[in-house]
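What follows is a set of notes on a single structure, which appears directly below.
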Protein chains: 2
Amino acid sequence: MNATPPAPERTDSATSGVSVDHPGVTELFALLAYGEVAAFYRLTDEARMAPNLRGRINMATMAAAEMNHYEVLREALERRGVDVVPAMTKYASPLENYHRLTTPSTWLEALVKTYVGDALAADFYLEIADALPDEVADVVRAVLAETGHSQFVVAEVRAAVTASDRQRHRLALWSRRLLGEAITQAQYVLAERDELVDLLMSSGEGLKQMTEFFDRLQRTHAARMQELGLA
Amino acid sequence: MNATPPAPERTDSATSGVSVDHPGVTELFALLAYGEVAAFYRLTDEARMAPNLRGRINMATMAAAEMNHYEVLREALERRGVDVVPAMTKYASPLENYHRLTTPSTWLEALVKTYVGDALAADFYLEIADALPDEVADVVRAVLAETGHSQFVVAEVRAAVTASDRQRHRLALWSRRLLGEAITQAQYVLAERDELVDLLMSSGEGLKQMTEFFDRLQRTHAARMQELGLA
């Protein structure tokens, strides 16, 4: 996960108006669980492009953190009486599509994808946690608990784009594509899963909130491009 | 790691006669560190053969545990003022050779390799820990701390070999080959690294102990074959 964002203020169940028994909560955990496993295998695949052992170790460390998050989600689903594997299988298609459509062709592209993907996931989790009852929000925040793993990316990407304008333009386009595909797949998931839409809708101001949510994702994405020297 | 073995009695530094500053300790930690990273990538590679998502998740969970062990070793080396990456690189060749020479061709072979490899590593760690000063032994035992991950293998392998004699014979041969290659590479490492040999020698009765060590490895290997239904 990316740099720790400022802790959002806790919204209790009374305020959020969402029950912990909402069926969307199970769907949300299942979606996140598949996301962690998919990220694990994506990171280990992309680590093949690492120019050296240190790079491969960094990727392996991040991948291991994804499985620790998966474990948190698996336990949360178990407490809800849900077997994680069948529950998460329905989210295979959008998540595998995202990774298939954003297969990096260089180590630098892999690094940027790691950083941007992690950051987008963190934004997404925190936005959602904010609107959920405490018990559910705690699980979502625990999945964010291990932070800082992808910081190693910043130094390497900045050095590369400072040395080459061509690299900077290439990677800036690449990072826009990552955001685009992430939003496309997120909207595909929402279109298919009424329980998830209902969860997000009932937790705040509905559609207006959803539009603002995607706007915020784009703003934080822009801030991160700046951080990587890509803006 | 495999089922938790009975805790060996603690041998304190006075008894073991080995100083924590022995240069072999750094070499031992570096060897184990490379072993963890190699095992991580081997498990994620072999997970490609998994027939389903549950199998891939089990392999990913074991792989993540290897990186947690790596972290323990990295910190222990750091406390000794040693940078893990250059220190471990010299052990790449024997460990990569072991994995290259024992590339499974089926999911069942991958499962047996996971189980046998994990168990051999555990035996090796515990034998060594027994002979080391406490401070060093604690690190080695911490690397063994997460146990039970490979238990999922037993049920799947037993079911397969109960159903097919051909599978049983095939996998029994395979597991002998795994032991053989592990011993070959271990002896190669010892032949190349005087500090490690000196560490093992100075910690007990020398050569006699070493021969007994390999004998014990073979005995516990036989017990495990029984467990998997391969004996």
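Identifiers for the structure tokens are assigned positionally: chains receive A, B, ... in sequence, residues are indexed from 1 per chain, and ligands are indexed from 1 in the order shown.
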
Segment 106-203 of chain A near segment 64-81 of chain A within 8 Å: what's each residue's closest atom pair and its distance in Å to one decimal, counting only C-alpha atoms, ordered by chain then ascending residue number, as JSON lines?
{"residue": "A:Val139", "atom": "CA", "partner": "A:Val72", "partner_atom": "CA", "distance": 7.0}
{"residue": "A:Ala142", "atom": "CA", "partner": "A:Val72", "partner_atom": "CA", "distance": 7.3}
{"residue": "A:Val143", "atom": "CA", "partner": "A:His69", "partner_atom": "CA", "distance": 4.9}
{"residue": "A:Leu144", "atom": "CA", "partner": "A:His69", "partner_atom": "CA", "distance": 7.8}
{"residue": "A:Glu146", "atom": "CA", "partner": "A:Ala65", "partner_atom": "CA", "distance": 7.0}

Taking N, CA, C and O atoms for each residue, export the selection above as a tab-separated table (two decimals), in the first residue's frame.
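Saved file again20.tsv follows:
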chain	number	residue	atom	x	y	z
A	139	VAL	N	-12.51	-3.68	9.28
A	139	VAL	CA	-11.91	-4.70	8.41
A	139	VAL	C	-11.25	-4.03	7.21
A	139	VAL	O	-10.11	-4.33	6.85
A	142	ALA	N	-8.10	-2.39	8.23
A	142	ALA	CA	-7.03	-3.35	8.56
A	142	ALA	C	-6.32	-3.79	7.28
A	142	ALA	O	-5.11	-4.05	7.28
A	143	VAL	N	-7.07	-3.84	6.20
A	143	VAL	CA	-6.51	-4.24	4.91
A	143	VAL	C	-5.54	-3.17	4.41
A	143	VAL	O	-4.67	-3.43	3.59
A	144	LEU	N	-5.70	-1.98	4.92
A	144	LEU	CA	-4.81	-0.87	4.56
A	144	LEU	C	-3.63	-0.75	5.52
A	144	LEU	O	-2.77	0.11	5.34
A	146	GLU	N	-0.84	-2.29	6.41
A	146	GLU	CA	0.57	-2.37	6.06
A	146	GLU	C	0.86	-1.40	4.93
A	146	GLU	O	0.46	-1.61	3.80

*For chain A, list the residues within 10 Å of chain B, counting only C-alpha atoms, and write the list as a PyMOL selection string.*
chain A and resi 34+37-38+40-41+44-45+47-48+52-54+56-57+60-68+70-71+84-86+88-89+92

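Coordinates place atom CA of Asp118 of chain B at a distance of 17.9 Å from atom CA of Leu173 of chain B.
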